[in-house]
Structure formats: C-alpha cells, structure tokens
file final.cif (mmCIF, C-alpha atoms)
data_start
loop_
_atom_site.label_atom_id
_atom_site.label_comp_id
_atom_site.auth_asym_id
_atom_site.auth_seq_id
_atom_site.Cartn_x
_atom_site.Cartn_y
_atom_site.Cartn_z
CA MET A 1 -35.43 27.58 9.43
CA ILE A 2 -36.79 26.34 6.11
CA LYS A 3 -34.63 23.55 4.77
CA THR A 4 -33.53 23.47 1.14
CA ASP A 5 -34.24 20.61 -1.25
CA LEU A 6 -30.71 19.26 -0.77
CA GLN A 7 -31.08 19.35 3.03
CA LEU A 8 -34.37 17.43 2.77
CA ILE A 9 -32.67 14.78 0.61
CA GLY A 10 -29.95 14.61 3.23
CA GLU A 11 -32.52 14.04 5.95
CA ASP A 12 -34.14 11.24 3.93
CA SER A 13 -30.77 9.56 3.36
CA LYS A 14 -29.90 9.24 7.07
CA ASP A 15 -31.75 5.94 7.49
CA ILE A 16 -30.23 4.54 4.28
CA TRP A 17 -26.74 5.59 5.39
CA ALA A 18 -27.31 3.92 8.78
CA ARG A 19 -28.32 0.67 7.01
CA PHE A 20 -25.26 0.89 4.77
CA TRP A 21 -23.02 1.53 7.78
CA ALA A 22 -24.42 -1.51 9.60
CA VAL A 23 -23.53 -3.73 6.64
CA ILE A 24 -20.04 -2.23 6.22
CA GLU A 25 -19.06 -2.04 9.90
CA PRO A 26 -17.94 -5.71 10.31
CA PHE A 27 -15.35 -5.18 7.56
CA ARG A 28 -14.26 -1.63 8.40
CA HIS A 29 -11.30 -2.66 10.58
CA GLN A 30 -9.87 -4.93 7.86
CA LEU A 31 -10.50 -2.28 5.23
CA TRP A 32 -8.59 0.35 7.19
CA HIS A 33 -5.59 -1.94 7.61
CA TYR A 34 -5.72 -2.76 3.90
CA CYS A 35 -5.66 0.98 3.13
CA LEU A 36 -2.75 1.36 5.54
CA LYS A 37 -0.74 -1.38 3.80
CA LEU A 38 -1.48 0.17 0.39
CA THR A 39 -0.60 3.75 1.29
CA GLY A 40 2.08 3.18 3.91
CA SER A 41 0.76 6.18 5.90
CA PRO A 42 -1.98 6.25 8.57
CA TRP A 43 -3.07 9.71 7.36
CA ASP A 44 -3.34 8.55 3.75
CA ALA A 45 -5.01 5.33 4.90
CA GLU A 46 -7.75 7.31 6.61
CA ASP A 47 -8.25 9.45 3.50
CA LEU A 48 -8.46 6.33 1.32
CA LEU A 49 -10.89 4.71 3.76
CA GLN A 50 -13.21 7.73 3.75
CA ASP A 51 -13.08 8.01 -0.05
CA THR A 52 -13.82 4.29 -0.31
CA LEU A 53 -16.87 4.46 1.96
CA LEU A 54 -18.31 7.45 0.12
CA LYS A 55 -17.68 5.93 -3.31
CA SER A 56 -19.11 2.58 -2.19
CA PHE A 57 -22.29 4.23 -0.95
CA ALA A 58 -22.65 6.48 -3.99
CA ALA A 59 -22.26 3.61 -6.45
CA LEU A 60 -24.92 1.37 -4.89
CA SER A 61 -27.89 2.83 -6.76
CA ALA A 62 -26.16 2.29 -10.11
CA LEU A 63 -25.19 -1.29 -9.21
CA SER A 64 -28.42 -2.41 -7.57
CA HIS A 65 -30.03 -3.57 -10.83
CA ARG A 66 -27.25 -6.04 -11.65
CA GLU A 67 -28.01 -9.73 -11.33
CA GLN A 68 -24.54 -10.52 -9.99
CA PRO A 69 -24.68 -10.35 -6.17
CA LEU A 70 -22.56 -7.77 -4.38
CA LYS A 71 -20.46 -9.36 -1.64
CA THR A 72 -19.68 -6.69 0.92
CA LYS A 73 -16.00 -7.39 1.59
CA SER A 74 -15.07 -7.90 -2.06
CA TYR A 75 -17.09 -4.82 -3.06
CA ILE A 76 -15.46 -2.37 -0.65
CA PHE A 77 -11.97 -3.81 -1.21
CA ARG A 78 -12.51 -3.42 -4.97
CA ILE A 79 -13.54 0.22 -4.55
CA ALA A 80 -10.47 0.90 -2.37
CA THR A 81 -8.16 -0.85 -4.82
CA ASN A 82 -9.47 0.91 -7.91
CA HIS A 83 -9.46 4.31 -6.24
CA TRP A 84 -5.87 3.85 -5.08
CA LEU A 85 -4.72 2.61 -8.49
CA ASP A 86 -6.43 5.61 -10.09
CA GLN A 87 -4.51 7.90 -7.75
CA CYS A 88 -1.27 6.14 -8.69
CA ARG A 89 -2.05 6.60 -12.39
CA LYS A 90 -2.65 10.30 -11.86
CA GLN A 91 0.74 10.49 -10.17
CA LYS A 92 2.20 8.53 -13.11
CA VAL A 93 3.38 5.64 -10.94
CA LEU A 94 4.33 2.52 -12.91
CA LEU A 95 1.46 0.04 -12.59
CA ASP A 96 3.16 -3.04 -14.08
CA GLU A 97 0.29 -3.57 -16.55
CA THR A 98 2.16 -6.09 -18.74
CA VAL A 99 2.19 -9.52 -17.14
CA ASP A 100 3.18 -12.91 -18.51
CA ASP A 101 0.61 -15.40 -17.18
CA LYS A 102 3.14 -18.23 -17.40
CA ILE A 103 5.77 -16.74 -15.09
CA ILE A 104 5.28 -18.93 -12.03
CA GLU A 105 8.31 -20.52 -10.40
CA THR A 106 8.17 -22.67 -7.29
CA ASP A 107 11.24 -21.13 -5.68
CA ALA A 108 9.43 -17.80 -5.45
CA ILE A 109 6.38 -19.19 -3.66
CA ASP A 110 8.13 -19.78 -0.34
CA HIS A 111 6.53 -18.31 2.79
CA LEU A 112 7.68 -14.78 3.59
CA GLU A 113 7.80 -12.85 6.82
CA ILE A 114 4.90 -10.63 5.78
CA ASN A 115 5.03 -8.06 8.57
CA GLU A 116 8.70 -7.33 7.93
CA ALA A 117 8.24 -7.20 4.17
CA LEU A 118 5.25 -4.89 4.24
CA GLU A 119 7.14 -2.12 6.02
CA SER A 120 8.82 -1.12 2.76
CA LEU A 121 6.46 -2.79 0.31
CA ILE A 122 4.61 0.16 -1.10
CA HIS A 123 7.75 2.19 -1.69
CA HIS A 124 9.40 -0.44 -3.86
CA LEU A 125 6.69 -2.44 -5.64
CA PRO A 126 4.61 -1.27 -8.59
CA PRO A 127 1.07 -0.56 -7.30
CA LYS A 128 -0.61 -3.57 -8.94
CA GLN A 129 2.01 -5.91 -7.48
CA ALA A 130 1.42 -4.35 -4.07
CA VAL A 131 -2.34 -4.88 -4.39
CA VAL A 132 -2.03 -8.55 -5.33
CA PHE A 133 0.62 -9.26 -2.70
CA ILE A 134 -1.32 -7.60 0.12
CA LEU A 135 -4.67 -9.14 -0.78
CA MET A 136 -3.28 -12.67 -1.01
CA GLU A 137 -0.61 -12.65 1.68
CA SER A 138 -2.25 -10.43 4.32
CA PHE A 139 -5.98 -10.84 3.70
CA CYS A 140 -6.05 -14.40 2.34
CA PHE A 141 -7.88 -13.63 -0.90
CA THR A 142 -7.67 -16.43 -3.45
CA ALA A 143 -6.18 -15.89 -6.91
CA LYS A 144 -9.69 -16.24 -8.34
CA GLU A 145 -11.07 -13.55 -6.01
CA VAL A 146 -8.20 -11.19 -6.78
CA ALA A 147 -8.61 -11.79 -10.52
CA GLU A 148 -12.27 -10.78 -10.26
CA LEU A 149 -11.39 -7.78 -8.12
CA ILE A 150 -8.78 -6.29 -10.48
CA VAL A 151 -10.39 -7.69 -13.65
CA THR A 152 -7.72 -10.03 -14.94
CA THR A 153 -7.00 -13.77 -15.18
CA GLU A 154 -5.92 -16.12 -12.41
CA GLY A 155 -2.74 -16.82 -14.35
CA ALA A 156 -1.95 -13.12 -14.45
CA VAL A 157 -2.54 -12.87 -10.70
CA HIS A 158 -0.09 -15.71 -10.03
CA ALA A 159 2.47 -14.05 -12.30
CA ILE A 160 2.06 -10.69 -10.52
CA LEU A 161 2.38 -12.42 -7.15
CA TYR A 162 5.54 -14.18 -8.31
CA ARG A 163 7.15 -10.89 -9.30
CA ALA A 164 6.08 -9.23 -6.05
CA ARG A 165 7.47 -12.06 -3.90
CA LYS A 166 10.71 -12.03 -5.83
CA LYS A 167 11.07 -8.31 -5.24
CA ILE A 168 10.16 -8.65 -1.56
CA LYS A 169 12.84 -11.31 -1.10
CA GLU A 170 15.37 -8.83 -2.41
CA LEU A 171 14.06 -6.11 -0.11
CA THR A 172 14.19 -8.22 3.03
CA LYS A 173 17.94 -8.56 2.60
CA LYS A 174 18.37 -4.83 3.04
CA LYS A 175 18.19 -2.81 6.23
CA HIS A 176 15.77 0.10 6.53
CA SER A 177 15.93 2.77 9.20
CA GLN A 178 12.75 4.18 10.72
CA GLU A 179 11.88 7.76 11.44
CA ASP A 180 11.17 8.76 15.03
CA LEU A 181 7.40 9.28 15.01
CA LYS A 182 7.44 11.58 18.05
CA SER A 183 10.16 14.03 17.02
CA PRO A 184 9.74 17.71 17.94
CA ILE A 185 7.73 20.03 15.70
CA HIS A 186 9.34 22.96 13.89
CA LEU A 187 6.81 23.65 11.11
CA ASN A 188 4.59 26.62 12.05
CA GLU A 189 6.11 26.32 15.50
CA LEU A 190 4.97 29.68 16.86
CA ALA A 191 1.38 29.28 15.67
CA ILE A 192 1.15 25.76 17.04
CA LYS A 193 2.61 26.86 20.39
CA GLU A 194 0.03 29.64 20.59
CA PHE A 195 -2.78 27.20 19.74
CA ILE A 196 -1.64 24.78 22.48
CA GLU A 197 -1.45 27.55 25.08
CA ARG A 198 -4.89 28.91 24.23
CA TYR A 199 -6.51 25.49 24.28
CA ASN A 200 -4.92 24.49 27.59
CA ASN A 201 -6.08 27.79 29.07
CA GLN A 202 -9.60 27.03 27.76
CA ASP A 203 -9.40 30.27 25.76
CA PHE A 204 -11.99 29.32 23.13
CA LYS A 205 -12.40 32.95 22.06
CA GLY A 206 -8.66 33.12 21.47
CA LEU A 207 -8.79 29.96 19.40
CA ALA A 208 -11.55 31.47 17.28
CA GLU A 209 -9.32 34.48 16.63
CA MET A 210 -6.80 32.13 15.01
CA LEU A 211 -9.31 31.16 12.30
CA ILE A 212 -9.48 32.86 8.92
CA ASP A 213 -13.01 33.78 7.82
CA GLU A 214 -13.06 30.90 5.31
CA SER A 215 -11.78 28.22 7.72
CA THR A 216 -13.23 24.71 7.70
CA TYR A 217 -13.57 22.30 10.60
CA SER A 218 -14.13 18.66 9.64
CA PHE A 219 -15.21 15.64 11.65
CA VAL A 220 -13.39 13.02 9.60
CA SER A 221 -15.32 9.73 9.38
CA MET A 222 -18.64 11.51 9.88
CA THR A 223 -18.29 13.39 6.55
CA SER A 224 -19.39 16.48 8.47
CA THR A 225 -17.79 19.87 7.92
CA GLU A 226 -18.38 23.28 9.45
CA TYR A 227 -17.71 26.09 6.97
CA GLY A 228 -16.53 29.53 8.04
CA LYS A 229 -15.21 31.14 11.21
CA GLU A 230 -18.69 32.14 12.41
CA THR A 231 -20.09 28.60 12.20
CA ILE A 232 -17.03 26.97 13.80
CA THR A 233 -17.10 29.49 16.64
CA LYS A 234 -20.81 28.88 17.23
CA TYR A 235 -20.54 25.10 17.42
CA SER A 236 -17.11 23.49 17.87
CA LEU A 237 -15.55 26.44 19.74
CA ASN A 238 -18.58 27.24 21.86
CA PRO A 239 -17.20 28.58 25.21
CA ASN A 240 -20.01 26.75 27.05
CA LYS A 241 -18.11 23.52 26.37
CA ALA A 242 -15.04 24.66 28.29
CA ASN A 243 -15.90 22.93 31.58
CA SER A 244 -16.26 19.59 29.77
CA PHE A 245 -12.59 19.46 28.82
CA THR A 246 -10.72 20.67 31.91
CA ASN A 247 -8.99 17.28 32.30
CA ILE A 248 -7.77 17.20 28.68
CA ILE A 249 -4.38 18.68 27.78
CA ALA A 250 -3.23 19.44 24.23
CA HIS A 251 0.28 18.57 23.04
CA CYS A 252 1.95 18.56 19.65
CA TYR A 253 3.88 15.68 18.10
CA SER A 254 5.12 14.78 14.66
CA LEU A 255 3.14 11.67 13.73
CA TRP A 256 3.95 9.86 10.50
CA GLY A 257 5.50 12.93 8.95
CA LEU A 258 2.78 15.44 9.86
CA PRO A 259 2.39 17.78 12.83
CA ALA A 260 -0.55 16.61 14.94
CA ILE A 261 -2.38 18.11 17.91
CA VAL A 262 -2.66 15.29 20.44
CA PHE A 263 -5.28 15.62 23.18
CA ILE A 264 -4.44 13.58 26.27
CA GLU A 265 -7.05 12.90 28.93
CA LYS A 266 -5.86 12.68 32.54
CA THR A 267 -7.75 10.08 34.60
CA GLU A 268 -7.28 8.34 37.93
CA GLU A 269 -6.03 5.30 36.01
CA GLY A 270 -3.48 7.36 34.09
CA GLU A 271 -3.22 9.27 30.81
CA ARG A 272 -5.00 8.13 27.65
CA LEU A 273 -5.41 9.45 24.12
CA TYR A 274 -8.64 11.40 23.81
CA ASP A 275 -8.48 13.07 20.40
CA LEU A 276 -6.21 13.72 17.43
CA ASN A 277 -6.36 16.79 15.18
CA THR A 278 -4.40 18.16 12.24
CA ILE A 279 -4.31 21.81 11.24
CA GLU A 280 -3.28 23.59 8.06
CA TRP A 281 -1.90 27.08 8.50
CA GLU A 282 -1.54 30.23 6.45
CA ASN A 283 0.45 33.12 7.89
CA GLY A 284 -0.14 31.84 11.42
CA LYS A 285 -3.90 31.44 10.90
CA ILE A 286 -5.96 28.25 10.68
CA THR A 287 -7.32 27.40 7.24
CA ARG A 288 -8.31 23.73 7.61
CA TRP A 289 -8.85 21.93 10.89
CA LYS A 290 -9.53 18.18 10.95
CA CYS A 291 -10.75 16.18 13.93
CA TYR A 292 -10.08 12.40 13.86
CA TYR A 293 -11.98 11.60 17.08
CA PHE A 294 -14.42 9.26 15.32
CA CYS A 295 -11.72 7.52 13.23
CA ARG A 296 -11.27 4.72 15.71
CA GLU A 297 -8.75 2.67 13.73
CA LEU A 298 -6.49 5.69 13.27
CA MET A 299 -6.94 6.68 16.90
CA ALA A 300 -6.00 3.18 18.09
CA TYR A 301 -2.94 3.21 15.83
CA ALA A 302 -1.88 6.60 17.21
CA ALA A 303 -2.42 5.48 20.81
CA LYS A 304 -0.11 2.54 20.23
CA GLU A 305 2.57 4.79 18.71
CA LEU A 306 2.30 7.19 21.64
CA ASN A 307 2.28 4.35 24.18
CA LEU A 308 -1.09 5.43 25.56
CA SER A 309 -4.39 3.70 26.11
CA LEU A 310 -7.32 4.95 24.01
CA ALA A 311 -10.21 6.73 25.67
CA PRO A 312 -13.60 5.25 24.74
CA ILE A 313 -15.86 7.18 22.43
CA GLU A 314 -18.46 9.35 24.14
CA ASN A 315 -22.03 10.17 23.19
CA PHE A 316 -22.39 13.89 22.68
#

call {"tool": "encode", "arguments": {"input": "final.cif", "output": "structure tokens"}}
result
Amino acid sequence: MIKTDLQLIGEDSKDIWARFWAVIEPFRHQLWHYCLKLTGSPWDAEDLLQDTLLKSFAALSALSHREQPLKTKSYIFRIATNHWLDQCRKQKVLLDETVDDKIIETDAIDHLEINEALESLIHHLPPKQAVVFILMESFCFTAKEVAELIVTTEGAVHAILYRARKKIKELTKKKHSQEDLKSPIHLNELAIKEFIERYNNQDFKGLAEMLIDESTYSFVSMTSTEYGKETITKYSLNPNKANSFTNIIAHCYSLWGLPAIVFIEKTEEGERLYDLNTIEWENGKITRWKCYYFCRELMAYAAKELNLSLAPIENF
C-alpha cells in the first residue's frame, strides 16, 4: 500500500512523540488527578487529559523559539487550566474575573480538610477560584507560580484563594449525599444486554452486526481510532482473537453517571479489572465505542471503585 503524504508525516512524528511522551510521563499521574479535581468526573478528567496532551504537543513548535524556558509541569498544567477555563467560558460559567488584590484576611487562611472540601468544590466555586485553590492546596504551587500560569498578579492570586477558602468553609458545614457508582443500568438496557451476551459467548461476528456502517472504535490515550464497521471488524473484532479472551467476562455498571462495559479477568488469585469501555448507541446499534485500556489512571480509579485489583498492561 502506498502511503499518503499525511501518513508519511505521521510515521516521521512517531520518534518525536515518543520523546515528548518520555518527558511528560513523570507528571502524567499528577496531571490526571488535577484534571479530575477540576472536572469532578473521571470521564471528563480523561477527556481533559487527552486534550491537554495533544494541545501541549501541537503547541511546542510555535513555542520552541522563545527564550523563556518551558518547565514541563508548569507547561502542561497551564495548557490543562486554559483549556478547561475556555470550556467553562463556552458554557457561560461565571469565571470570577474581577478580583480585589487587597482582599486577604488571616482568618480565611486556616488549614482546610482538602479531601473533604474538594468533593463538592467544582460544583460550587467559580472556575478560576477552583483552579487557584486546587493548584495551591492540592499541588503545592506557589502564588507566584499560579500568577504566571493564569497570567495575573500574586496579589490577585491571594485574593482569589481567600474567596475560595471562604466559600469552602461554608460548604464543609453542609452535608452532601453521594450517588451509588455501581447502580443498575437502564439506559439502552436491551442493547447492552445483547452486547454482553455476545461478548461472553465470544460471538465476535454478532458484535460486528451491532455496528452501524459509520461506527468508530477509539483507543483512548493512544489517539488511535478505527473508522467504519469494516475496519473495526477486521482489526478489533477479529474472530482469531477469541481464544485470547476466554477468561475475561463482560459486565455492565453505571460508573460516575455513565453506563460502562467492565471487563473482569478471572485468575487463580481472584478477579481483577482488565478493561473498561463506553458505548454510544443509536436505535440499538453502536455508533461510538471507546476503549480505556491504556488510560491507566482512569483504570486504577475504576478498579478502586469496583473493589478490584487492576490487571497489568499487556504487550500486544
């Protein structure tokens, strides 16, 4: 097969992407948890993480000529912050842009129980307050570093932090109930039940029949997508793979507000989480299918919620 110009560029970029990944990897875990604290949802955190990595990589060529050095952690946290704030603006969420630099009172600087406060943080604080609070209280950024990150003054950062802490103190006095993350699924129940049965019977041909012609199958975190029923059937639903997954059983749970296909591997040591997928449906047919196997932070978070150990990643 003769490769197109774009495919050749893609081939040339593999080594550069690998170098970029090696530099980013030490900070990826922290970045994912930052995205989680910002969005309040593991699904949205993974989306924000992936957008951040792609934007960070894409912007490097434009930034490389600048004399000011790029510090990896600050750079990727800045990209994540700006992208999230942009999303909030598009959704017309109040950003608390007006800040009095002089509003700093000692009684609001007391230590807070951060883990407890963060549970409801994003739902009650303006986005910019949430950013400053999370960066300084959870990730130990200094006021100077935060000021550079969100392009403001140190005084403004202290004022924003004051307001956020004051609000958090009010929130911690209230009780918040939590949703059961493993509640039964009712959305597209029949289609999901059929999917589970076909997978557990290793009926790969039957699974392929559930795809619409324009379906997509995405390996989230690898930025790799298969387009169309024919391509997905040829690769990800190849019947020759059936014998490799006989010890893996599919189930369906509601995780963080979305129906998820949970693949549990049965081993001599017990059950462990093998994979996690989400599927979008249209009239009982699959339109978008996402695989989170390579999203290790999300997978670890899901394993903890499901009270399972996490299966190690395999080389395919």

call {"tool": "atom_distance", "arguments": {"input": "final.cif", "atom1": "atom CA of Thr4 of chain A", "atom2": "atom CA of Ala59 of chain A"}}
result
24.1 Å

call {"tool": "closest_residue", "arguments": {"input": "final.cif", "among": "A:Leu306, A:Ile232, A:Met222, A:Leu38", "to": "Tyr293 of chain A", "atoms": "all atoms listed in the file"}}
result
A:Met222

call {"tool": "closest_residue", "arguments": {"input": "final.cif", "among": "A:Ile168, A:Val132, A:Ala18, A:Ile196", "to": "Thr152 of chain A", "atoms": "only C-alpha atoms"}}
result
A:Val132

call {"tool": "closest_residue", "arguments": {"input": "final.cif", "among": "A:Ile313, A:Ala303, A:Ile264, A:Ile134", "to": "Ile248 of chain A", "atoms": "only C-alpha atoms"}}
result
A:Ile264

call {"tool": "resolve_selection", "arguments": {"input": "final.cif", "expression": "the PyMOL selection byres ((chain A and resi 230) around 10)", "output": "JSON, numbers by chain"}}
result
{"A": [208, 211, 212, 213, 214, 215, 226, 227, 228, 229, 231, 232, 233, 234, 235, 237]}

call {"tool": "atom_distance", "arguments": {"input": "final.cif", "atom1": "atom CA of Ile249 of chain A", "atom2": "atom CA of Asp44 of chain A"}}
result
26.1 Å

call {"tool": "residues_around", "arguments": {"input": "final.cif", "residues": "Ser218 of chain A", "least_positions_apart": "4", "cutoff": "9 Å", "atoms": "all atoms listed in the file", "output": "list in words"}}
result
Met222, Thr223, Ser224, Thr225, Glu226, Tyr227, Arg288, Trp289, Lys290, Cys291 and Tyr292 of chain A

call {"tool": "closest_residue", "arguments": {"input": "final.cif", "among": "A:Glu314, A:Glu297, A:Glu145, A:Glu305", "to": "Cys35 of chain A", "atoms": "all atoms listed in the file"}}
result
A:Glu297

call {"tool": "closest_residue", "arguments": {"input": "final.cif", "among": "A:Leu255, A:Leu53, A:Ala80, A:Ile286", "to": "Leu149 of chain A", "atoms": "all atoms listed in the file"}}
result
A:Ala80

call {"tool": "closest_residue", "arguments": {"input": "final.cif", "among": "A:Gly155, A:Pro42, A:Gly257, A:Pro127", "to": "Arg296 of chain A", "atoms": "all atoms listed in the file"}}
result
A:Pro42

call {"tool": "atom_distance", "arguments": {"input": "final.cif", "atom1": "atom CA of Asn247 of chain A", "atom2": "atom CA of Glu265 of chain A"}}
result
5.9 Å

call {"tool": "resolve_selection", "arguments": {"input": "final.cif", "expression": "the PyMOL selection byres ((chain A and resi 57) around 12)", "output": "PyMOL selection string"}}
result
chain A and resi 13+16-21+23-24+50-56+58-64+72+75-76+79

call {"tool": "resolve_selection", "arguments": {"input": "final.cif", "expression": "the PyMOL selection byres ((chain A and resi 311) around 7)", "output": "list in words"}}
result
Arg272, Leu273, Tyr274, Ser309, Leu310, Pro312 and Ile313 of chain A
